[in-house]
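Undergrad: My structure is stored as structure.cif, with mmCIF, C-alpha atoms.
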```cif
data_query
loop_
_atom_site.label_atom_id
_atom_site.label_comp_id
_atom_site.auth_asym_id
_atom_site.auth_seq_id
_atom_site.Cartn_x
_atom_site.Cartn_y
_atom_site.Cartn_z
CA MET P 1 153.91 74.26 143.46
CA LEU P 2 152.29 70.97 142.43
CA PHE P 3 151.45 70.57 138.76
CA GLU P 4 150.87 67.14 137.30
CA ARG P 5 149.12 65.88 134.20
CA ILE P 6 147.65 62.41 134.72
CA GLU P 7 147.25 60.48 131.49
CA SER P 8 144.76 57.66 130.98
CA GLU P 9 146.12 55.39 128.28
CA GLY P 10 143.82 54.11 125.57
CA LEU P 11 141.24 56.86 125.98
CA SER P 12 144.01 59.46 125.54
CA HIS P 13 142.48 61.41 128.42
CA TYR P 14 144.41 64.14 130.21
CA SER P 15 143.45 65.37 133.67
CA TYR P 16 145.35 67.79 135.88
CA ILE P 17 146.11 68.48 139.53
CA ILE P 18 147.40 71.93 140.48
CA GLY P 19 148.40 72.84 144.02
CA ASP P 20 150.20 75.47 146.01
CA MET P 21 150.82 75.84 149.72
CA SER P 22 148.12 73.65 151.32
CA HIS P 23 145.45 73.68 148.58
CA ALA P 24 144.99 71.66 145.39
CA VAL P 25 142.49 71.64 142.54
CA VAL P 26 141.76 68.81 140.09
CA ILE P 27 140.45 69.38 136.56
CA ASP P 28 138.51 66.74 134.60
CA PRO P 29 139.33 63.72 136.78
CA ARG P 30 138.88 60.15 135.63
CA ARG P 31 136.69 57.71 137.52
CA ASP P 32 139.51 55.79 139.23
CA CYS P 33 140.70 58.87 141.05
CA GLU P 34 143.03 57.58 143.77
CA ALA P 35 146.03 59.05 141.89
CA TYR P 36 144.89 62.61 142.63
CA VAL P 37 144.47 61.91 146.35
CA GLU P 38 147.92 60.34 146.51
CA ALA P 39 149.55 63.25 144.66
CA ALA P 40 147.98 65.83 146.95
CA LYS P 41 148.87 63.83 150.05
CA ALA P 42 152.49 63.46 148.92
CA HIS P 43 152.77 67.26 148.76
CA GLY P 44 150.96 67.88 152.03
CA MET P 45 147.94 69.38 150.27
CA ARG P 46 144.18 69.04 150.49
CA ILE P 47 142.00 68.91 147.38
CA THR P 48 139.53 71.76 147.81
CA HIS P 49 137.88 71.91 144.37
CA VAL P 50 137.14 69.49 141.55
CA LEU P 51 136.39 71.19 138.22
CA GLU P 52 134.83 69.99 134.98
CA THR P 53 135.30 71.73 131.64
CA HIS P 54 132.19 70.08 130.15
CA ARG P 55 130.03 67.00 130.43
CA HIS P 56 132.31 64.30 129.05
CA GLU P 57 131.16 61.85 126.39
CA ASP P 58 133.97 59.30 126.11
CA PHE P 59 134.80 58.43 129.72
CA VAL P 60 133.04 58.36 133.08
CA SER P 61 133.92 61.42 135.11
CA GLY P 62 135.42 61.00 138.57
CA THR P 63 134.25 64.38 139.84
CA ALA P 64 131.47 63.15 142.13
CA ARG P 65 133.57 60.29 143.49
CA LEU P 66 136.63 62.46 144.14
CA ALA P 67 134.52 65.12 145.85
CA ALA P 68 132.95 62.45 148.06
CA MET P 69 136.38 61.04 148.93
CA THR P 70 137.96 64.38 149.82
CA GLY P 71 135.15 66.72 150.83
CA ALA P 72 136.10 69.03 147.96
CA GLU P 73 133.58 71.27 146.22
CA ALA P 74 132.55 70.01 142.79
CA LEU P 75 132.00 72.63 140.08
CA THR P 76 130.27 71.56 136.89
CA ALA P 77 130.00 73.23 133.49
CA GLU P 78 126.84 73.21 131.32
CA ARG P 79 124.82 75.51 133.56
CA VAL P 80 121.50 74.62 131.89
CA THR P 81 122.08 70.89 132.49
CA GLU P 82 120.81 69.36 135.72
CA PHE P 83 123.65 67.47 137.38
CA MET P 84 122.94 65.32 140.43
CA TYR P 85 126.09 66.59 142.16
CA GLY P 86 128.05 69.79 142.67
CA ARG P 87 127.05 73.24 141.47
CA PRO P 88 127.54 75.04 138.16
CA VAL P 89 130.52 77.34 137.93
CA SER P 90 129.75 81.02 137.35
CA PRO P 91 131.19 83.04 134.46
CA HIS P 92 134.57 84.54 135.46
CA GLU P 93 134.40 82.83 138.86
CA LYS P 94 137.86 82.76 140.40
CA ILE P 95 139.36 80.00 142.51
CA ARG P 96 142.46 80.70 144.53
CA ILE P 97 145.18 78.05 144.80
CA GLY P 98 147.77 79.45 147.18
CA ARG P 99 149.58 82.16 145.20
CA TYR P 100 147.76 81.32 141.98
CA VAL P 101 144.27 81.95 140.60
CA LEU P 102 142.06 79.99 138.18
CA GLU P 103 139.37 81.90 136.28
CA ALA P 104 136.39 80.22 134.58
CA LEU P 105 135.89 81.29 130.95
CA ASP P 106 132.78 80.48 128.93
CA THR P 107 134.00 78.70 125.77
CA PRO P 108 130.96 77.04 124.15
CA GLY P 109 131.32 75.02 120.96
CA HIS P 110 132.28 71.45 121.70
CA THR P 111 129.21 71.49 123.93
CA PRO P 112 126.88 74.47 124.54
CA GLY P 113 128.21 75.06 128.06
CA SER P 114 131.90 74.19 127.76
CA VAL P 115 134.16 76.08 130.17
CA SER P 116 137.91 76.67 130.05
CA TYR P 117 140.02 77.58 133.08
CA LEU P 118 142.76 80.19 132.83
CA LEU P 119 145.59 79.89 135.36
CA TYR P 120 147.32 83.11 136.36
CA ASP P 121 150.85 82.99 137.73
CA ALA P 122 151.86 84.53 141.06
CA ASP P 123 152.27 87.96 139.38
CA GLY P 124 148.77 87.81 137.85
CA ASN P 125 149.85 87.01 134.29
CA PRO P 126 148.00 84.44 132.09
CA TRP P 127 150.10 81.27 132.20
CA MET P 128 148.10 78.16 131.25
CA VAL P 129 144.64 77.54 129.86
CA PHE P 130 142.82 74.28 130.59
CA ALA P 131 140.63 74.16 127.51
CA GLY P 132 138.88 70.81 127.93
CA ASP P 133 137.72 69.70 124.47
CA THR P 134 137.62 73.19 122.97
CA LEU P 135 141.14 73.25 121.53
CA PHE P 136 143.71 70.47 121.13
CA ALA P 137 147.19 70.11 119.74
CA GLY P 138 146.58 70.07 116.00
CA ASP P 139 142.79 70.09 116.10
CA VAL P 140 139.63 71.47 117.70
CA GLY P 141 136.82 69.73 119.53
CA ARG P 142 134.05 67.95 117.66
CA THR P 143 130.79 69.85 117.41
CA ASP P 144 128.58 67.00 116.16
CA LEU P 145 128.24 64.88 119.29
CA LEU P 146 124.87 66.40 120.24
CA GLY P 147 123.48 65.73 116.78
CA LYS P 148 123.93 66.70 113.16
CA HIS P 149 121.35 69.48 113.47
CA LEU P 150 123.53 71.40 115.96
CA ALA P 151 126.96 70.77 114.44
CA GLU P 152 127.28 73.95 112.39
CA GLU P 153 125.73 76.20 115.03
CA LEU P 154 128.15 74.88 117.66
CA ALA P 155 131.05 75.19 115.20
CA GLY P 156 130.23 78.89 114.95
CA LYS P 157 130.33 79.21 118.74
CA LEU P 158 133.59 77.26 118.80
CA TYR P 159 135.11 79.75 116.35
CA GLU P 160 134.18 82.63 118.63
CA SER P 161 135.51 80.84 121.72
CA ILE P 162 138.86 80.08 120.11
CA PHE P 163 139.51 83.18 117.98
CA GLU P 164 137.89 85.82 120.16
CA LEU P 165 138.71 84.54 123.65
CA ILE P 166 141.38 81.85 123.87
CA LEU P 167 143.95 82.86 121.23
CA PRO P 168 144.00 86.52 122.37
CA LEU P 169 145.29 85.32 125.76
CA GLY P 170 148.75 85.31 124.19
CA ASP P 171 151.05 83.04 122.19
CA HIS P 172 153.09 82.26 125.32
CA VAL P 173 150.15 80.68 127.18
CA ILE P 174 150.49 76.91 127.61
CA LEU P 175 147.54 74.91 126.27
CA CYS P 176 146.37 72.06 128.52
CA PRO P 177 143.60 70.12 126.72
CA ALA P 178 141.57 67.20 128.04
CA HIS P 179 142.82 64.76 125.39
CA GLY P 180 145.86 63.79 123.38
CA ALA P 181 146.39 61.94 120.12
CA GLY P 182 143.99 59.05 119.57
CA SER P 183 140.92 60.51 121.25
CA VAL P 184 137.53 60.21 119.53
CA CYS P 185 136.68 63.77 120.66
CA ALA P 186 138.41 65.27 117.63
CA GLU P 187 139.20 64.21 114.10
CA SER P 188 143.01 64.13 114.22
CA ILE P 189 144.74 65.37 117.36
CA ALA P 190 148.48 65.78 116.81
CA ASP P 191 151.00 63.68 118.69
CA ARG P 192 152.37 66.79 120.36
CA PRO P 193 152.25 66.20 124.12
CA TRP P 194 152.86 69.84 125.07
CA THR P 195 151.93 72.93 123.12
CA THR P 196 151.20 76.63 123.39
CA LEU P 197 148.55 78.89 121.92
CA GLY P 198 151.22 80.33 119.62
CA GLN P 199 152.11 76.90 118.25
CA GLU P 200 148.46 76.16 117.61
CA ARG P 201 147.82 79.52 115.98
CA MET P 202 150.66 78.81 113.54
CA HIS P 203 150.40 75.05 113.00
CA ASN P 204 146.88 73.83 113.82
CA PRO P 205 145.24 73.13 110.41
CA LYS P 206 141.77 74.25 111.45
CA LEU P 207 143.10 77.51 112.87
CA GLN P 208 144.37 78.41 109.40
CA ALA P 209 140.80 79.07 108.25
CA LYS P 210 140.60 82.52 106.68
CA ASP P 211 137.22 83.33 108.21
CA LYS P 212 134.35 81.97 110.31
CA ASP P 213 132.56 80.36 107.36
CA GLU P 214 135.63 78.34 106.37
CA PHE P 215 136.19 77.31 109.99
CA VAL P 216 132.57 76.14 110.33
CA ALA P 217 132.93 74.09 107.15
CA LEU P 218 135.98 72.37 108.63
CA ALA P 219 134.87 72.00 112.25
CA GLY P 220 131.17 71.34 111.66
CA LYS P 221 131.62 67.98 109.95
CA VAL P 222 129.63 64.99 111.19
CA HIS P 223 131.60 61.85 112.12
CA GLU P 224 130.75 58.44 113.50
CA LYS P 225 129.74 58.42 117.15
CA PRO P 226 130.37 55.27 119.21
CA PRO P 227 127.08 54.09 120.72
CA TYR P 228 128.51 53.93 124.24
CA MET P 229 128.80 57.71 124.35
CA SER P 230 125.06 58.14 124.96
CA MET P 231 125.36 55.97 128.07
CA ILE P 232 128.41 57.91 129.27
CA GLU P 233 126.58 61.23 128.85
CA ALA P 234 123.72 59.94 131.00
CA MET P 235 126.05 58.47 133.64
CA ASN P 236 127.94 61.73 133.93
CA LEU P 237 124.79 63.53 135.01
CA GLN P 238 124.44 61.12 137.91
CA GLY P 239 128.05 61.15 139.06
CA PRO P 240 128.91 57.46 139.69
CA ILE P 241 130.96 56.92 142.83
CA ALA P 242 131.36 53.12 142.83
CA GLY P 243 134.93 51.84 143.08
CA LEU P 244 136.81 49.70 140.58
CA PRO P 245 135.35 46.17 140.36
CA VAL P 246 137.92 43.39 140.64
CA PRO P 247 137.06 40.60 138.18
CA PRO P 248 136.76 37.30 140.07
CA PRO P 249 138.51 34.29 138.52
CA LEU P 250 136.15 31.77 136.96
CA SER P 251 137.23 28.19 136.35
CA PRO P 252 136.44 26.71 132.92
CA ARG P 253 133.73 24.54 134.49
CA GLU P 254 132.16 27.61 136.11
CA LEU P 255 132.22 29.59 132.88
CA ASP P 256 131.04 26.93 130.46
CA PRO P 257 127.39 26.68 131.69
CA VAL P 258 126.87 30.46 131.57
CA ARG P 259 128.60 31.26 128.27
CA ASP P 260 125.33 32.25 126.60
CA GLN P 261 124.50 34.64 129.46
CA VAL P 262 127.68 36.73 129.36
CA GLN P 263 129.75 38.72 126.90
CA LEU P 264 133.05 36.92 126.37
CA VAL P 265 135.83 39.35 125.46
CA ASP P 266 139.14 37.80 124.41
CA THR P 267 141.91 40.37 124.82
CA ARG P 268 144.76 38.26 123.45
CA MET P 269 146.55 39.25 120.24
CA GLU P 270 145.16 38.16 116.90
CA LEU P 271 147.42 35.13 116.45
CA GLY P 272 146.41 33.66 119.81
CA PHE P 273 142.71 34.18 119.14
CA GLY P 274 143.01 32.77 115.63
CA SER P 275 144.70 29.61 116.92
CA ALA P 276 142.02 28.85 119.52
CA HIS P 277 139.21 30.65 121.32
CA VAL P 278 136.02 29.93 123.20
CA LYS P 279 132.96 29.84 120.93
CA ASP P 280 131.17 33.20 120.49
CA SER P 281 134.06 35.20 121.96
CA LEU P 282 134.59 38.75 120.76
CA SER P 283 138.21 39.45 119.86
CA ILE P 284 139.43 42.86 121.03
CA TRP P 285 143.13 42.92 121.84
CA ALA P 286 143.97 44.66 125.12
CA GLY P 287 145.35 47.76 123.42
CA GLY P 288 142.16 48.12 121.37
CA LEU P 289 139.65 48.04 124.24
CA ALA P 290 139.40 51.83 124.47
CA SER P 291 138.82 52.12 120.72
CA PHE P 292 136.34 49.30 120.14
CA ALA P 293 134.72 48.06 123.36
CA GLY P 294 132.26 50.95 123.20
CA TRP P 295 131.16 49.93 119.71
CA PHE P 296 130.50 46.26 120.32
CA LEU P 297 129.77 45.65 124.02
CA SER P 298 126.44 46.08 125.75
CA TYR P 299 125.79 47.49 129.21
CA ASP P 300 123.01 44.94 129.72
CA SER P 301 124.89 41.71 130.48
CA PRO P 302 128.07 40.75 132.38
CA ILE P 303 131.47 40.82 130.70
CA VAL P 304 133.91 37.96 131.18
CA LEU P 305 137.51 38.48 130.10
CA VAL P 306 139.70 35.86 128.46
CA THR P 307 143.21 37.16 128.79
CA GLU P 308 146.89 36.26 128.95
CA SER P 309 147.56 39.16 131.28
CA GLN P 310 148.83 38.50 134.78
CA ASN P 311 146.92 41.60 135.85
CA PRO P 312 143.39 41.47 134.40
CA GLU P 313 142.47 44.38 136.68
CA GLN P 314 144.16 46.69 134.14
CA GLU P 315 141.78 45.57 131.41
CA ALA P 316 138.83 45.79 133.80
CA ARG P 317 139.99 49.33 134.66
CA MET P 318 139.79 50.39 131.02
CA LEU P 319 136.23 49.06 130.76
CA TYR P 320 135.36 50.69 134.10
CA ARG P 321 136.47 54.07 132.78
CA MET P 322 133.99 53.56 129.93
CA GLY P 323 131.13 52.79 132.31
CA PHE P 324 131.15 48.99 132.07
CA ASP P 325 130.58 48.04 135.71
CA THR P 326 129.30 44.52 135.10
CA ILE P 327 132.67 42.77 134.95
CA GLY P 328 131.55 39.23 135.74
CA GLY P 329 135.03 37.73 135.97
CA CYS P 330 137.96 36.41 133.97
CA LEU P 331 138.75 32.90 132.79
CA SER P 332 141.17 31.45 135.32
CA GLY P 333 144.15 29.85 133.61
CA GLY P 334 143.16 31.12 130.19
CA LEU P 335 142.81 28.90 127.13
CA LEU P 336 145.30 26.39 128.53
CA ALA P 337 143.01 25.65 131.46
CA TRP P 338 140.01 25.59 129.11
CA HIS P 339 141.64 22.91 126.95
CA MET P 340 142.89 20.94 129.92
CA SER P 341 139.30 20.78 131.13
CA GLY P 342 138.39 19.00 127.93
CA LEU P 343 136.21 21.81 126.62
CA PRO P 344 135.96 22.57 122.88
CA SER P 345 137.40 25.63 121.17
CA GLU P 346 137.24 27.14 117.71
CA SER P 347 139.76 28.81 115.42
CA VAL P 348 140.02 31.33 112.58
CA SER P 349 142.22 30.71 109.55
CA THR P 350 144.96 33.23 108.83
CA LEU P 351 147.01 34.09 105.77
CA ASN P 352 149.79 36.59 105.31
CA VAL P 353 149.36 39.37 102.80
CA GLN P 354 151.97 37.97 100.43
CA SER P 355 150.11 34.66 100.24
CA LEU P 356 146.87 36.48 99.45
CA CYS P 357 148.61 38.28 96.60
CA THR P 358 149.85 34.92 95.28
CA LEU P 359 146.28 33.57 95.37
CA LEU P 360 145.06 36.59 93.42
CA ASP P 361 147.79 36.13 90.81
CA THR P 362 147.32 32.37 90.36
CA LYS P 363 143.64 31.69 90.97
CA GLY P 364 141.94 34.94 90.11
CA ALA P 365 139.33 36.95 91.99
CA HIS P 366 138.53 36.46 95.66
CA ASN P 367 136.11 38.12 98.04
CA ILE P 368 138.10 40.63 100.12
CA LEU P 369 136.56 42.62 102.96
CA ASP P 370 138.53 45.76 103.86
CA VAL P 371 137.54 46.98 107.34
CA ARG P 372 139.74 50.06 107.44
CA SER P 373 137.99 53.29 108.40
CA GLU P 374 136.73 55.80 105.85
CA GLN P 375 139.34 58.25 107.10
CA GLU P 376 142.12 55.73 106.45
CA LEU P 377 140.84 54.96 102.96
CA GLU P 378 140.58 58.60 101.94
CA GLY P 379 143.60 59.39 99.81
CA SER P 380 145.13 55.98 100.59
CA MET P 381 146.01 52.89 98.59
CA ARG P 382 142.92 50.69 98.08
CA ILE P 383 142.36 47.12 96.98
CA PRO P 384 140.44 47.04 93.68
CA ASP P 385 136.98 45.41 93.94
CA ALA P 386 137.28 44.88 97.70
CA ILE P 387 134.13 45.23 99.80
CA GLU P 388 134.84 48.28 101.97
CA ILE P 389 132.98 48.32 105.27
CA PRO P 390 134.60 50.04 108.28
CA LEU P 391 134.83 47.77 111.30
CA THR P 392 132.56 50.06 113.29
CA GLN P 393 129.80 49.66 110.66
CA LEU P 394 130.16 45.91 110.20
CA GLN P 395 127.22 44.77 112.30
CA GLU P 396 124.70 47.04 110.59
CA ARG P 397 126.02 46.31 107.08
CA LYS P 398 126.67 42.56 107.34
CA GLY P 399 123.91 41.98 104.78
CA GLU P 400 126.25 43.30 102.08
CA LEU P 401 128.56 40.30 102.54
CA PRO P 402 128.41 36.93 100.76
CA HIS P 403 127.47 34.14 103.17
CA ASP P 404 128.30 31.22 100.87
CA LYS P 405 131.83 32.14 99.75
CA ARG P 406 135.18 32.39 101.47
CA LEU P 407 135.85 35.91 102.74
CA TYR P 408 139.35 37.31 103.20
CA ILE P 409 139.38 40.08 105.82
CA PHE P 410 141.93 42.86 105.54
CA CYS P 411 142.84 45.89 107.69
CA GLY P 412 146.18 47.53 108.35
CA SER P 413 147.76 44.75 110.40
CA GLY P 414 145.35 41.89 111.13
CA MET P 415 144.19 42.92 114.60
CA ARG P 416 140.99 44.66 113.53
CA SER P 417 140.48 41.93 110.95
CA MET P 418 140.35 39.37 113.75
CA THR P 419 137.80 41.52 115.59
CA ALA P 420 135.75 41.57 112.39
CA ALA P 421 136.05 37.80 112.03
CA SER P 422 134.85 37.23 115.60
CA ILE P 423 131.81 39.44 114.93
CA LEU P 424 130.95 37.71 111.65
CA LYS P 425 131.33 34.24 113.19
CA LYS P 426 128.70 35.13 115.77
CA GLU P 427 126.47 36.23 112.87
CA GLY P 428 126.77 32.80 111.26
CA ILE P 429 129.40 33.54 108.59
CA LYS P 430 131.94 30.76 108.98
CA ASP P 431 134.29 30.63 105.97
CA LEU P 432 136.60 33.44 107.02
CA VAL P 433 140.32 34.07 106.57
CA VAL P 434 142.11 36.90 108.36
CA VAL P 435 144.88 38.52 106.34
CA LEU P 436 147.95 39.30 108.44
CA GLY P 437 150.07 42.29 107.55
CA GLY P 438 149.26 45.60 105.95
CA LEU P 439 149.65 47.34 102.63
CA ALA P 440 153.44 47.46 102.89
CA GLY P 441 153.61 43.78 101.92
CA TRP P 442 151.16 43.97 98.98
CA ASN P 443 152.78 42.71 95.76
CA SER P 444 150.00 41.37 93.50
CA SER P 445 150.63 41.94 89.79
CA THR P 446 147.07 41.16 88.67
CA CYS P 447 145.46 43.20 91.46
CA PRO P 448 147.72 46.24 91.97
CA LEU P 449 146.70 48.73 94.62
CA LYS P 450 145.02 51.92 93.49
CA LYS P 451 145.29 55.35 95.06
CA THR P 452 142.13 57.40 95.42
#
```
Can you present the structure in this file as structure tokens?

TA:
Amino acid sequence: MLFERIESEGLSHYSYIIGDMSHAVVIDPRRDCEAYVEAAKAHGMRITHVLETHRHEDFVSGTARLAAMTGAEALTAERVTEFMYGRPVSPHEKIRIGRYVLEALDTPGHTPGSVSYLLYDADGNPWMVFAGDTLFAGDVGRTDLLGKHLAEELAGKLYESIFELILPLGDHVILCPAHGAGSVCAESIADRPWTTLGQERMHNPKLQAKDKDEFVALAGKVHEKPPYMSMIEAMNLQGPIAGLPVPPPLSPRELDPVRDQVQLVDTRMELGFGSAHVKDSLSIWAGGLASFAGWFLSYDSPIVLVTESQNPEQEARMLYRMGFDTIGGCLSGGLLAWHMSGLPSESVSTLNVQSLCTLLDTKGAHNILDVRSEQELEGSMRIPDAIEIPLTQLQERKGELPHDKRLYIFCGSGMRSMTAASILKKEGIKDLVVVLGGLAGWNSSTCPLKKT
């Protein structure tokens, strides 16, 4: 038997290939889907079906592309939604994979038409359930992505799907969700790579609700939704099949004349960006692309990467998975080549957290912008009198900031602070200092941290 979970870093996306004898099935594939073809080929199998548990919101699905590559049948969920590819799966439809069988189960809640797939072993016993975004390790799927007005209604459906259909399958059944820790498709997925329905029944906080009303109150909350998700939802109706774009190298002299026509994304770490960067660059370190590119990049103009990576295709791949096809290139030779070409750069001042505390103790009050998320701040240590604006809300709330005074920007480490500084610089706020280091180094006596 072939069973493999393929993980997409950054987006915390899990997809699966299951095969037996000469047949294989893929569930919730990502857009760059060559890995599934290679896995099937290595085991002498042919992919016969590509299945979706729901219309995905946070990454571009590879279902249409993989079906086109392999000749497999594509089965979509959301039967009332008009997809441009495949056909909707029927309730309780069964798909044979050699000695094994997958059965489609209607599990609405995360979306109205979400489907889970139950895998039976060779003796016909329930073995694994591929639950998509219905149930995760330590959490359940969000119900607010289609709008605040539907959140509670969908949370009620999610309760029924989980408590009346999935959990009764048995504590021994292995849970295979579509995401792991770090995904935006749930509030707080646990860092538990493998789990069972029994573990979740005992340890998942939301499954401890005493009744449906309490569950709806927990699962029906409304959270921030990255703006790129609306584009992903639309793209996943069409079924993009274009391959991964390879960013062409651009010399400094080629890039300089078109800087105002592209989106410059600098993926170096915060210290490198602070030391020198091309004017109007957006700072998003490579590891933060999945979390923040969808908040701050547009689909309307080309993206040019400024990177230290020897393999910029990896960063382009992350953007590609999020539907950003207009990768216009990458700066050849990086900032070294830019400077050697005699072109100007800018910088952002930095200060470690201990030095900021010394300033507070010796010179009094300063303007501090704390860009940590609301979830981080809740029940955490806070800086008294700081301006608290989550990074993801910074552009819409920039009017709350002083434009004529020095602004010290704080997060948990300095990386998001540098992203914030790059955004504010483009908005015309120039006197900025990024604070390096988190709360662990805070030692001000005149401005002690407060817990809320």

Undergrad: Determine the nearest neighbour of Ala234 of chain P from the options P:Tyr117, P:Phe130, P:Phe83, P:Tyr36, counting all atoms listed in the file.

TA: P:Phe83

Undergrad: Pull out every residue that the PyMOL selection byres ((chain P and resi 121) around 12) matches in the shown coordinates and put them as a count of residues only.

TA: 24

Undergrad: Specify as a PyMOL selection string each residue included when the PyMOL selection byres ((chain P and resi 230) around 12) is applied to this file.

TA: chain P and resi 55-60+145-147+225-229+231-237+294-295+299+322-323

Undergrad: Compute the distance from (138.9, 38.0, 107.8) to each atom, counting only C-alpha atoms, keep the residues with any atom at most 9 Å away, and return them as a ChimeraX atom specification; use the coordinates of the file.

TA: /P:348-350,368-370,407-411,414,417-422,424,431-435

Undergrad: Export, as a PDB file, in the coordinates of the input, the selected residues with C-alpha atoms.

TA:
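That gives us out.pdb:
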```
ATOM      1  CA  VAL P 348     140.020  31.330 112.580  1.00  0.00           C
ATOM      2  CA  SER P 349     142.220  30.710 109.550  1.00  0.00           C
ATOM      3  CA  THR P 350     144.960  33.230 108.830  1.00  0.00           C
ATOM      4  CA  ILE P 368     138.100  40.630 100.120  1.00  0.00           C
ATOM      5  CA  LEU P 369     136.560  42.620 102.960  1.00  0.00           C
ATOM      6  CA  ASP P 370     138.530  45.760 103.860  1.00  0.00           C
ATOM      7  CA  LEU P 407     135.850  35.910 102.740  1.00  0.00           C
ATOM      8  CA  TYR P 408     139.350  37.310 103.200  1.00  0.00           C
ATOM      9  CA  ILE P 409     139.380  40.080 105.820  1.00  0.00           C
ATOM     10  CA  PHE P 410     141.930  42.860 105.540  1.00  0.00           C
ATOM     11  CA  CYS P 411     142.840  45.890 107.690  1.00  0.00           C
ATOM     12  CA  GLY P 414     145.350  41.890 111.130  1.00  0.00           C
ATOM     13  CA  SER P 417     140.480  41.930 110.950  1.00  0.00           C
ATOM     14  CA  MET P 418     140.350  39.370 113.750  1.00  0.00           C
ATOM     15  CA  THR P 419     137.800  41.520 115.590  1.00  0.00           C
ATOM     16  CA  ALA P 420     135.750  41.570 112.390  1.00  0.00           C
ATOM     17  CA  ALA P 421     136.050  37.800 112.030  1.00  0.00           C
ATOM     18  CA  SER P 422     134.850  37.230 115.600  1.00  0.00           C
ATOM     19  CA  LEU P 424     130.950  37.710 111.650  1.00  0.00           C
ATOM     20  CA  ASP P 431     134.290  30.630 105.970  1.00  0.00           C
ATOM     21  CA  LEU P 432     136.600  33.440 107.020  1.00  0.00           C
ATOM     22  CA  VAL P 433     140.320  34.070 106.570  1.00  0.00           C
ATOM     23  CA  VAL P 434     142.110  36.900 108.360  1.00  0.00           C
ATOM     24  CA  VAL P 435     144.880  38.520 106.340  1.00  0.00           C
TER      25      VAL P 435
END
```

Undergrad: Going by the chain IDs and residue numbers used in this file, which residues fall under the PyMOL selection byres ((chain P and resi 247) around 9)? Write them as a list in words.

TA: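 The output of the PyMOL selection byres ((chain P and resi 247) around 9) on this file is Pro245, Val246, Pro248, Pro249, Leu250, Val304, Leu305, Pro312, Glu313, Ala316, Ile327, Gly328, Gly329 and Cys330 of chain P.
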
Undergrad: With C-alpha atoms retained, could you export that selection as a compact mmCIF listing (two decimals), in the frame of the given file?

TA:
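So the final result, stored in selection08.txt, reads:
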```txt
# COMPACT_ATOMS: atom_id res chain seq x y z
CA PRO P 245 135.35 46.17 140.36
CA VAL P 246 137.92 43.39 140.64
CA PRO P 248 136.76 37.30 140.07
CA PRO P 249 138.51 34.29 138.52
CA LEU P 250 136.15 31.77 136.96
CA VAL P 304 133.91 37.96 131.18
CA LEU P 305 137.51 38.48 130.10
CA PRO P 312 143.39 41.47 134.40
CA GLU P 313 142.47 44.38 136.68
CA ALA P 316 138.83 45.79 133.80
CA ILE P 327 132.67 42.77 134.95
CA GLY P 328 131.55 39.23 135.74
CA GLY P 329 135.03 37.73 135.97
CA CYS P 330 137.96 36.41 133.97
```

Undergrad: Tell me, as a PyMOL selection string, which residues lie within 8 Å of segment 27-34 of chain P, counting all atoms listed in the file; anything in the same chain fewer than 5 positions away does not count.

TA: chain P and resi 8+14-17+50-53+59-63+65-66+132+178+241+243-244+317+320-321

Undergrad: Which is closer to Gly44 of chain P than all the others in P:Leu169, P:Leu2, P:Ala137, P:Ala131, using only C-alpha atoms?

TA: P:Leu2

Undergrad: When distances are computed from only C-alpha atoms, which of P:His92, P:Lys363, P:Lys148, P:Lys212 shows the smallest separation from Glu160 of chain P?

TA: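 The answer is P:Lys212, which sits nearest to Glu160 of chain P.
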
Undergrad: With 10 Å as the threshold, what does the neighbourhood of (143.9, 69.2, 112.2) contain in terms of residues, counting all atoms listed in the file? Coordinates are those of the file; answer as a PyMOL selection string.

TA: chain P and resi 136-140+186-190+200+203-208+218-219

Undergrad: What are the centre and edge lengths in Å, to one decimal, of the axis-aligned box around all listed atoms of segment 389-398 of chain P with 8 Å added on each side, as AutoDock Vina command-line options?

TA:
```
--center_x 129.8 --center_y 46.3 --center_z 109.3 --size_x 26.1 --size_y 23.5 --size_z 24.0
```

Undergrad: Record the distance separating atom CA of Leu11 of chain P and atom CA of Thr392 of chain P, expressed in Å with one decimal.

TA: 16.8 Å

Undergrad: Can you tell me how far atom CA of His54 of chain P sits from atom CA of Ser12 of chain P, in Å to one decimal?

TA: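 Between these atoms lies a distance of 16.5 Å.
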